[in-house]
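A.B. asks: Below you'll find final-v2.tsv; it's TSV, C-alpha atoms.
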```tsv
chain	number	residue	atom	x	y	z
A	616	MET	CA	20.85	-11.36	-7.94
A	617	GLU	CA	24.49	-12.44	-8.12
A	618	ALA	CA	25.32	-10.95	-4.72
A	619	PRO	CA	25.17	-13.59	-1.95
A	620	ASN	CA	23.40	-11.15	0.38
A	621	THR	CA	20.49	-10.92	-2.10
A	622	LEU	CA	19.84	-14.64	-1.89
A	623	ASP	CA	20.44	-14.58	1.86
A	624	ALA	CA	17.72	-11.94	2.27
A	625	ALA	CA	15.36	-13.95	0.04
A	626	ARG	CA	16.06	-17.10	2.05
A	627	ARG	CA	15.25	-15.35	5.31
A	628	GLN	CA	12.01	-13.94	3.90
A	629	PHE	CA	11.03	-17.29	2.43
A	630	GLN	CA	11.73	-19.19	5.64
A	631	GLY	CA	9.59	-16.77	7.63
A	632	ASP	CA	6.80	-15.96	5.19
A	633	ASP	CA	6.76	-18.80	2.59
A	634	TYR	CA	7.28	-16.28	-0.19
A	635	ALA	CA	10.03	-13.93	-1.30
A	636	VAL	CA	10.57	-11.03	-3.69
A	637	ILE	CA	13.94	-10.90	-5.45
A	638	PRO	CA	14.38	-7.61	-7.32
A	639	ASP	CA	16.02	-7.00	-10.69
A	640	VAL	CA	17.02	-10.56	-11.51
A	641	TRP	CA	16.68	-9.97	-15.26
A	642	THR	CA	18.01	-7.03	-17.27
A	643	LYS	CA	15.77	-4.75	-19.33
A	644	ALA	CA	17.19	-6.31	-22.50
A	645	GLU	CA	16.40	-9.84	-21.28
A	646	VAL	CA	12.89	-8.83	-20.28
A	647	GLN	CA	12.22	-7.23	-23.65
A	648	GLN	CA	13.52	-10.29	-25.47
A	649	ALA	CA	11.15	-12.47	-23.44
A	650	ILE	CA	8.20	-10.12	-24.10
A	651	ASP	CA	8.93	-10.23	-27.83
A	652	ALA	CA	9.06	-14.04	-27.76
A	653	LEU	CA	5.81	-14.24	-25.79
A	654	ASP	CA	4.09	-11.76	-28.11
A	655	ALA	CA	5.10	-13.94	-31.07
A	656	LEU	CA	3.50	-16.96	-29.41
A	657	VAL	CA	0.29	-15.05	-28.70
A	658	ASP	CA	0.14	-13.90	-32.33
A	659	ASP	CA	0.48	-17.50	-33.49
A	660	ILE	CA	-2.17	-18.65	-30.99
A	661	ARG	CA	-4.62	-16.10	-32.39
A	662	THR	CA	-3.80	-17.07	-35.97
A	663	HIS	CA	-3.90	-20.85	-35.44
A	664	PRO	CA	-6.05	-21.51	-32.34
A	665	LEU	CA	-6.72	-25.15	-33.21
A	666	ARG	CA	-3.01	-25.95	-33.16
A	667	TRP	CA	-2.81	-24.63	-29.62
A	668	GLN	CA	-5.98	-26.06	-28.09
A	669	GLU	CA	-4.04	-28.57	-25.92
A	670	HIS	CA	-1.74	-25.90	-24.55
A	671	VAL	CA	-3.85	-22.77	-24.07
A	672	VAL	CA	-6.45	-21.81	-21.50
A	673	TRP	CA	-8.49	-18.80	-22.63
A	674	GLN	CA	-10.12	-16.38	-20.25
A	675	SER	CA	-13.43	-17.68	-21.60
A	676	ASP	CA	-12.53	-21.07	-20.07
A	677	VAL	CA	-12.33	-19.84	-16.47
A	678	PRO	CA	-15.31	-19.83	-14.09
A	679	GLU	CA	-17.49	-16.78	-14.70
A	680	ARG	CA	-16.93	-15.44	-11.20
A	681	GLN	CA	-13.28	-14.81	-12.08
A	682	LEU	CA	-14.46	-12.26	-14.67
A	683	THR	CA	-17.14	-10.53	-12.61
A	684	GLY	CA	-14.76	-7.80	-11.44
A	685	ILE	CA	-14.36	-6.66	-15.05
A	686	PRO	CA	-16.84	-3.98	-16.20
A	687	GLN	CA	-19.61	-5.46	-18.32
A	688	ALA	CA	-18.62	-3.34	-21.32
A	689	LEU	CA	-15.15	-4.95	-21.34
A	690	ARG	CA	-16.11	-8.51	-20.47
A	691	ALA	CA	-16.77	-9.82	-23.98
A	692	ALA	CA	-13.36	-8.62	-25.17
A	693	ALA	CA	-11.72	-10.01	-22.03
A	694	ALA	CA	-13.09	-13.48	-22.74
A	695	THR	CA	-11.15	-13.59	-26.04
A	696	GLN	CA	-7.77	-13.19	-24.31
A	697	PRO	CA	-5.37	-16.12	-23.78
A	698	TYR	CA	-4.78	-16.71	-20.07
A	699	ILE	CA	-2.32	-19.60	-19.67
A	700	ILE	CA	0.12	-21.09	-22.18
A	701	GLY	CA	1.16	-24.52	-20.94
A	702	ASP	CA	4.49	-26.31	-21.38
A	703	LEU	CA	5.90	-22.91	-22.26
A	704	ALA	CA	9.49	-24.09	-22.61
A	705	SER	CA	8.55	-26.39	-25.50
A	706	HIS	CA	7.29	-23.50	-27.64
A	707	SER	CA	10.15	-21.00	-27.54
A	708	VAL	CA	13.93	-21.31	-27.33
A	709	VAL	CA	14.13	-17.86	-25.74
A	710	LEU	CA	11.58	-18.63	-23.04
A	711	ARG	CA	13.00	-22.10	-22.39
A	712	ARG	CA	16.39	-20.52	-21.80
A	713	MET	CA	14.88	-18.15	-19.23
A	714	ILE	CA	12.86	-20.87	-17.46
A	715	LEU	CA	15.94	-23.10	-17.11
A	716	ASP	CA	18.41	-20.29	-16.50
A	717	GLU	CA	21.06	-20.90	-13.87
A	718	ARG	CA	19.55	-18.08	-11.83
A	719	CYS	CA	16.29	-20.00	-11.42
A	720	ARG	CA	18.10	-23.12	-10.25
A	721	ARG	CA	20.18	-21.14	-7.75
A	722	MET	CA	17.07	-19.46	-6.34
A	723	ALA	CA	15.24	-22.76	-5.99
A	724	GLU	CA	18.15	-24.49	-4.31
A	725	ALA	CA	18.87	-21.59	-1.97
A	726	LEU	CA	15.27	-21.37	-0.79
A	727	LEU	CA	14.56	-25.11	-0.63
A	728	ASP	CA	18.04	-25.80	0.76
A	729	THR	CA	18.50	-28.82	-1.48
A	730	GLU	CA	19.41	-29.75	-5.05
A	731	SER	CA	16.39	-29.03	-7.23
A	732	VAL	CA	14.93	-29.77	-10.65
A	733	CYS	CA	12.34	-28.06	-12.81
A	734	HIS	CA	8.86	-29.60	-13.01
A	735	PHE	CA	6.86	-27.49	-15.48
A	736	SER	CA	6.48	-24.04	-16.98
A	737	ASN	CA	3.76	-21.76	-18.24
A	738	ALA	CA	3.02	-18.18	-19.15
A	739	THR	CA	0.19	-16.63	-17.16
A	740	ILE	CA	-1.19	-13.51	-18.82
A	741	ARG	CA	-3.61	-11.12	-17.15
A	742	ALA	CA	-4.60	-8.92	-20.05
A	743	ALA	CA	-4.74	-5.15	-19.77
A	744	ASN	CA	-8.21	-3.67	-19.22
A	745	GLY	CA	-9.71	-7.01	-18.28
A	746	GLY	CA	-7.44	-9.71	-16.91
A	747	CYS	CA	-9.22	-12.49	-15.03
A	748	ALA	CA	-8.94	-13.04	-11.29
A	749	CYS	CA	-7.59	-16.21	-9.67
A	750	ASN	CA	-9.22	-18.24	-6.90
A	751	TRP	CA	-7.60	-18.56	-3.48
A	752	HIS	CA	-5.48	-21.71	-3.47
A	753	ARG	CA	-2.28	-23.41	-2.42
A	754	ASP	CA	0.20	-24.92	-4.87
A	755	TRP	CA	0.63	-28.12	-2.86
A	756	PRO	CA	-0.73	-30.58	-3.29
A	757	ASN	CA	-1.96	-30.11	-6.84
A	758	SER	CA	-3.35	-32.50	-9.43
A	759	TYR	CA	-0.98	-31.43	-12.24
A	760	CYS	CA	2.56	-32.01	-11.01
A	761	THR	CA	3.67	-32.19	-7.42
A	762	THR	CA	6.21	-33.68	-5.06
A	763	HIS	CA	4.98	-36.09	-2.40
A	764	THR	CA	6.57	-33.94	0.33
A	765	GLY	CA	5.67	-30.39	-0.65
A	766	ARG	CA	9.34	-29.44	-1.07
A	767	GLN	CA	8.60	-27.32	-4.12
A	768	LEU	CA	8.08	-23.70	-5.06
A	769	ARG	CA	6.86	-21.52	-7.91
A	770	ILE	CA	9.16	-18.97	-9.53
A	771	LEU	CA	7.25	-16.07	-11.09
A	772	ILE	CA	9.36	-14.07	-13.55
A	773	CYS	CA	7.47	-10.78	-13.70
A	774	LEU	CA	7.94	-9.29	-17.18
A	775	ASP	CA	5.73	-6.26	-16.46
A	776	GLY	CA	6.32	-6.11	-12.73
A	777	MET	CA	3.34	-6.52	-10.42
A	778	HIS	CA	1.19	-3.83	-8.85
A	779	ALA	CA	-2.15	-3.99	-7.08
A	780	GLU	CA	-4.08	-2.40	-9.96
A	781	GLN	CA	-2.69	-5.07	-12.34
A	782	GLY	CA	-4.22	-7.85	-10.27
A	783	ALA	CA	-1.03	-8.58	-8.36
A	784	THR	CA	-0.67	-11.88	-6.55
A	785	ARG	CA	-2.09	-11.48	-3.05
A	786	ILE	CA	-0.89	-13.69	-0.22
A	787	ILE	CA	-2.45	-14.45	3.15
A	788	ARG	CA	0.31	-14.01	5.67
A	789	GLY	CA	0.66	-16.90	8.09
A	790	SER	CA	-1.56	-19.22	6.04
A	791	GLN	CA	1.33	-21.62	5.43
A	792	HIS	CA	0.72	-22.80	9.00
A	793	TRP	CA	-2.98	-23.58	8.50
A	794	ASN	CA	-4.17	-27.15	8.29
A	795	GLU	CA	-6.59	-28.14	5.56
A	796	GLN	CA	-9.65	-27.67	7.76
A	797	GLN	CA	-8.58	-24.13	8.65
A	798	PHE	CA	-7.96	-23.31	4.99
A	799	ASN	CA	-11.30	-24.74	3.85
A	800	THR	CA	-13.16	-22.88	6.57
A	801	TRP	CA	-11.48	-19.63	5.58
A	802	LYS	CA	-12.25	-20.18	1.87
A	803	GLN	CA	-15.96	-20.61	2.60
A	804	GLU	CA	-16.06	-17.02	3.87
A	805	GLU	CA	-15.55	-15.80	0.26
A	806	HIS	CA	-12.88	-13.18	0.76
A	807	PRO	CA	-12.63	-10.63	-2.12
A	808	TRP	CA	-9.62	-11.18	-4.38
A	809	ASP	CA	-8.84	-7.50	-4.81
A	810	GLU	CA	-8.98	-6.45	-1.16
A	811	THR	CA	-7.90	-9.37	1.01
A	812	GLY	CA	-4.36	-10.08	2.16
A	813	HIS	CA	-1.10	-8.53	1.03
A	814	ALA	CA	-0.48	-7.53	-2.61
A	815	VAL	CA	2.99	-8.68	-3.67
A	816	THR	CA	4.50	-5.93	-5.79
A	817	CYS	CA	7.73	-5.68	-7.76
A	818	SER	CA	9.38	-4.01	-10.74
A	819	PRO	CA	9.77	-5.55	-14.23
A	820	GLY	CA	12.49	-8.21	-14.31
A	821	SER	CA	12.01	-9.15	-10.67
A	822	VAL	CA	11.08	-12.57	-9.36
A	823	VAL	CA	8.41	-13.56	-6.85
A	824	VAL	CA	8.85	-16.99	-5.29
A	825	LEU	CA	5.83	-18.68	-3.72
A	826	GLY	CA	6.14	-21.56	-1.29
A	827	SER	CA	3.94	-24.59	-1.61
A	828	ARG	CA	1.69	-23.87	1.41
A	829	ILE	CA	1.06	-20.13	1.26
A	830	VAL	CA	-2.54	-19.28	0.33
A	831	HIS	CA	-2.68	-16.86	-2.57
A	832	GLY	CA	-4.90	-15.54	-5.32
A	833	ALA	CA	-5.18	-12.49	-7.58
A	834	GLY	CA	-7.72	-9.84	-8.50
A	835	ASN	CA	-8.71	-8.65	-11.95
A	836	ASN	CA	-6.33	-6.56	-13.98
A	837	LEU	CA	-8.22	-3.36	-14.73
A	838	SER	CA	-5.13	-1.31	-15.55
A	839	ALA	CA	-3.84	-0.34	-18.98
A	840	VAL	CA	-0.75	-2.52	-18.47
A	841	PRO	CA	-0.76	-6.31	-18.95
A	842	ARG	CA	0.57	-8.56	-16.21
A	843	ARG	CA	2.66	-11.26	-17.88
A	844	ASN	CA	4.45	-13.79	-15.69
A	845	LEU	CA	6.60	-16.70	-16.76
A	846	ILE	CA	6.07	-19.39	-14.13
A	847	ALA	CA	8.19	-22.42	-13.35
A	848	GLN	CA	7.74	-24.96	-10.60
A	849	TRP	CA	10.94	-26.34	-9.10
A	850	GLY	CA	11.23	-29.03	-6.46
A	851	ALA	CA	13.65	-31.17	-4.48
A	852	GLN	CA	15.58	-33.45	-6.81
A	853	LYS	CA	15.34	-36.45	-4.46
A	854	ASP	CA	11.58	-36.27	-3.99
A	855	LEU	CA	9.07	-38.43	-5.83
A	856	ILE	CA	7.17	-36.45	-8.48
A	857	CYS	CA	3.52	-37.22	-9.14
A	858	ALA	CA	2.59	-35.83	-12.56
A	859	GLN	CA	-0.60	-35.87	-14.59
A	860	VAL	CA	1.29	-34.49	-17.58
A	861	PHE	CA	5.00	-34.94	-18.27
A	862	GLU	CA	6.16	-31.58	-19.58
A	863	SER	CA	9.32	-31.03	-21.59
A	864	VAL	CA	11.32	-29.61	-18.65
A	865	LEU	CA	10.35	-32.26	-16.09
A	866	GLY	CA	13.44	-33.29	-14.13
A	867	LEU	CA	15.77	-30.87	-15.90
A	868	THR	CA	18.19	-28.38	-14.34
A	869	ASP	CA	19.42	-26.55	-17.46
```
Just dump the structure as structure tokens.

C.D. replies:
Amino acid sequence: MEAPNTLDAARRQFQGDDYAVIPDVWTKAEVQQAIDALDALVDDIRTHPLRWQEHVVWQSDVPERQLTGIPQALRAAAATQPYIIGDLASHSVVLRRMILDERCRRMAEALLDTESVCHFSNATIRAANGGCACNWHRDWPNSYCTTHTGRQLRILICLDGMHAEQGATRIIRGSQHWNEQQFNTWKQEEHPWDETGHAVTCSPGSVVVLGSRIVHGAGNNLSAVPRRNLIAQWGAQKDLICAQVFESVLGLTD
């Protein structure tokens, strides 16, 4: 990650494809520390669910169709799994440090080609043996927190890596050039999450960066390995931010 040619390669991929894979950004020790911190949060969520109701989306909260790829025998257990932990940086010093790490800022600024700030963070967990799927969507515009220009990106810190059988993020190549009518027409054709497009794969500790216009989704995780991603949105520092919720990292760089 420190080598200039690594960021140069990521910049070229991002400029052409609206996504990039940056391998081995985090060490095994850093990844394990983050996993331990996330596991501690999940334990507390299970012990004190009412304390967390404003910050946690459970798999039982998602539309039923996002669970239909999970075998019926596993579906009840799958519904009890936490899916998204919001405002992640406010709940853990370890995870906040990773979300606001200098490496994230450098990636964002290299790929957006401008000074950048963090907007929000979450942990997205696709549980082993029954992680929910994700609808096809774009990250811009969104109703949660967005720039008015679309000069933003999502940084996915992949603690377990990503592989197709884990419900890897799948992108539709070239979709960043579609207008809204083209995207909506395509969505109406109901493309399967686990077969359509290109599965973005990487090893643990790597980063996947998604541009604001690339269409992407994810299939169910039916593997024995969880798929835990720490996600941060970064955007151009000079751009107006429209936010439904002001998270603890909004506007920060470190």

A.B. asks: Restricting the calculation to all atoms listed in the file: of A:Ser863, A:Gln848, A:Gln696, A:Gln630, which residue gets closest to Ala725 of chain A?

C.D. replies: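 Looking only at the distances to Ala725 of chain A, the closest residue turns out to be A:Gln630.
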
A.B. asks: When you count all atoms listed in the file, which of these residues is closest to Cys733 of chain A: A:Val636, A:Leu774, A:Val815, A:Ile714?

C.D. replies: A:Ile714

A.B. asks: For segment 658-666 of chain A, list every protein, DNA or RNA residue within 10 Å, evaluated using only C-alpha atoms, and leave out those in the same chain fewer than 4 positions away; present the list as a list in words.

C.D. replies: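 Once the adjacent positions are removed, what remains is Leu653, Asp654, His670, Val671, Thr695, Gln696, Pro697 and Ile700 of chain A.
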
A.B. asks: Between atom CA of Ser705 of chain A and atom CA of Ile770 of chain A, what is the distance in Å, rounded to a tenth?

C.D. replies: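 Atom-to-atom, atom CA of Ser705 of chain A to atom CA of Ile770 of chain A, that is 17.6 Å.
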
A.B. asks: Name the closest residue to Ala625 of chain A among the candidates A:Arg741, A:Leu726, A:His831, A:Phe798; distances are taken between atoms, counting only C-alpha atoms.

C.D. replies: A:Leu726

A.B. asks: When you get a chance, write out N, CA, C and O atoms for segment 685-703 of chain A, as a PDB file, in the frame of the given file.

C.D. replies:
```
ATOM      1  N   ILE A 685     -14.613  -7.432 -13.832  1.00  0.00           N
ATOM      2  CA  ILE A 685     -14.360  -6.660 -15.050  1.00  0.00           C
ATOM      3  C   ILE A 685     -15.646  -5.962 -15.465  1.00  0.00           C
ATOM      4  O   ILE A 685     -16.710  -6.591 -15.503  1.00  0.00           O
ATOM      5  N   PRO A 686     -15.609  -4.673 -15.767  1.00  0.00           N
ATOM      6  CA  PRO A 686     -16.840  -3.980 -16.200  1.00  0.00           C
ATOM      7  C   PRO A 686     -17.526  -4.704 -17.350  1.00  0.00           C
ATOM      8  O   PRO A 686     -16.859  -5.241 -18.245  1.00  0.00           O
ATOM      9  N   GLN A 687     -18.833  -4.716 -17.334  1.00  0.00           N
ATOM     10  CA  GLN A 687     -19.610  -5.460 -18.320  1.00  0.00           C
ATOM     11  C   GLN A 687     -19.230  -5.077 -19.749  1.00  0.00           C
ATOM     12  O   GLN A 687     -19.173  -5.933 -20.640  1.00  0.00           O
ATOM     13  N   ALA A 688     -18.948  -3.809 -19.971  1.00  0.00           N
ATOM     14  CA  ALA A 688     -18.620  -3.340 -21.320  1.00  0.00           C
ATOM     15  C   ALA A 688     -17.314  -3.940 -21.843  1.00  0.00           C
ATOM     16  O   ALA A 688     -17.095  -3.979 -23.058  1.00  0.00           O
ATOM     17  N   LEU A 689     -16.450  -4.405 -20.935  1.00  0.00           N
ATOM     18  CA  LEU A 689     -15.150  -4.950 -21.340  1.00  0.00           C
ATOM     19  C   LEU A 689     -15.121  -6.473 -21.294  1.00  0.00           C
ATOM     20  O   LEU A 689     -14.153  -7.090 -21.741  1.00  0.00           O
ATOM     21  N   ARG A 690     -16.176  -7.077 -20.764  1.00  0.00           N
ATOM     22  CA  ARG A 690     -16.110  -8.510 -20.470  1.00  0.00           C
ATOM     23  C   ARG A 690     -16.063  -9.377 -21.715  1.00  0.00           C
ATOM     24  O   ARG A 690     -15.371 -10.403 -21.746  1.00  0.00           O
ATOM     25  N   ALA A 691     -16.780  -9.017 -22.755  1.00  0.00           N
ATOM     26  CA  ALA A 691     -16.770  -9.820 -23.980  1.00  0.00           C
ATOM     27  C   ALA A 691     -15.377  -9.846 -24.596  1.00  0.00           C
ATOM     28  O   ALA A 691     -14.884 -10.901 -25.019  1.00  0.00           O
ATOM     29  N   ALA A 692     -14.719  -8.683 -24.629  1.00  0.00           N
ATOM     30  CA  ALA A 692     -13.360  -8.620 -25.170  1.00  0.00           C
ATOM     31  C   ALA A 692     -12.392  -9.395 -24.278  1.00  0.00           C
ATOM     32  O   ALA A 692     -11.480 -10.079 -24.765  1.00  0.00           O
ATOM     33  N   ALA A 693     -12.605  -9.314 -22.960  1.00  0.00           N
ATOM     34  CA  ALA A 693     -11.720 -10.010 -22.030  1.00  0.00           C
ATOM     35  C   ALA A 693     -11.760 -11.517 -22.239  1.00  0.00           C
ATOM     36  O   ALA A 693     -10.739 -12.205 -22.116  1.00  0.00           O
ATOM     37  N   ALA A 694     -12.940 -12.030 -22.570  1.00  0.00           N
ATOM     38  CA  ALA A 694     -13.090 -13.480 -22.740  1.00  0.00           C
ATOM     39  C   ALA A 694     -12.292 -14.009 -23.921  1.00  0.00           C
ATOM     40  O   ALA A 694     -12.009 -15.215 -23.999  1.00  0.00           O
ATOM     41  N   THR A 695     -11.900 -13.153 -24.859  1.00  0.00           N
ATOM     42  CA  THR A 695     -11.150 -13.590 -26.040  1.00  0.00           C
ATOM     43  C   THR A 695      -9.641 -13.604 -25.807  1.00  0.00           C
ATOM     44  O   THR A 695      -8.881 -13.913 -26.732  1.00  0.00           O
ATOM     45  N   GLN A 696      -9.202 -13.289 -24.586  1.00  0.00           N
ATOM     46  CA  GLN A 696      -7.770 -13.190 -24.310  1.00  0.00           C
ATOM     47  C   GLN A 696      -7.206 -14.536 -23.833  1.00  0.00           C
ATOM     48  O   GLN A 696      -7.819 -15.213 -23.008  1.00  0.00           O
ATOM     49  N   PRO A 697      -6.017 -14.926 -24.339  1.00  0.00           N
ATOM     50  CA  PRO A 697      -5.370 -16.120 -23.780  1.00  0.00           C
ATOM     51  C   PRO A 697      -4.928 -15.845 -22.353  1.00  0.00           C
ATOM     52  O   PRO A 697      -4.470 -14.748 -22.033  1.00  0.00           O
ATOM     53  N   TYR A 698      -5.068 -16.850 -21.493  1.00  0.00           N
ATOM     54  CA  TYR A 698      -4.780 -16.710 -20.070  1.00  0.00           C
ATOM     55  C   TYR A 698      -3.520 -17.484 -19.677  1.00  0.00           C
ATOM     56  O   TYR A 698      -2.600 -16.930 -19.079  1.00  0.00           O
ATOM     57  N   ILE A 699      -3.470 -18.770 -20.014  1.00  0.00           N
ATOM     58  CA  ILE A 699      -2.320 -19.600 -19.670  1.00  0.00           C
ATOM     59  C   ILE A 699      -1.831 -20.331 -20.909  1.00  0.00           C
ATOM     60  O   ILE A 699      -2.626 -20.926 -21.652  1.00  0.00           O
ATOM     61  N   ILE A 700      -0.525 -20.295 -21.129  1.00  0.00           N
ATOM     62  CA  ILE A 700       0.120 -21.090 -22.180  1.00  0.00           C
ATOM     63  C   ILE A 700       0.931 -22.167 -21.483  1.00  0.00           C
ATOM     64  O   ILE A 700       1.904 -21.875 -20.784  1.00  0.00           O
ATOM     65  N   GLY A 701       0.518 -23.415 -21.632  1.00  0.00           N
ATOM     66  CA  GLY A 701       1.160 -24.520 -20.940  1.00  0.00           C
ATOM     67  C   GLY A 701       2.399 -25.033 -21.649  1.00  0.00           C
ATOM     68  O   GLY A 701       2.604 -24.804 -22.842  1.00  0.00           O
ATOM     69  N   ASP A 702       3.218 -25.764 -20.888  1.00  0.00           N
ATOM     70  CA  ASP A 702       4.490 -26.310 -21.380  1.00  0.00           C
ATOM     71  C   ASP A 702       5.244 -25.251 -22.178  1.00  0.00           C
ATOM     72  O   ASP A 702       5.715 -25.489 -23.289  1.00  0.00           O
ATOM     73  N   LEU A 703       5.365 -24.078 -21.580  1.00  0.00           N
ATOM     74  CA  LEU A 703       5.900 -22.910 -22.260  1.00  0.00           C
ATOM     75  C   LEU A 703       7.271 -23.171 -22.881  1.00  0.00           C
ATOM     76  O   LEU A 703       7.564 -22.735 -24.002  1.00  0.00           O
TER      77      LEU A 703
END
```
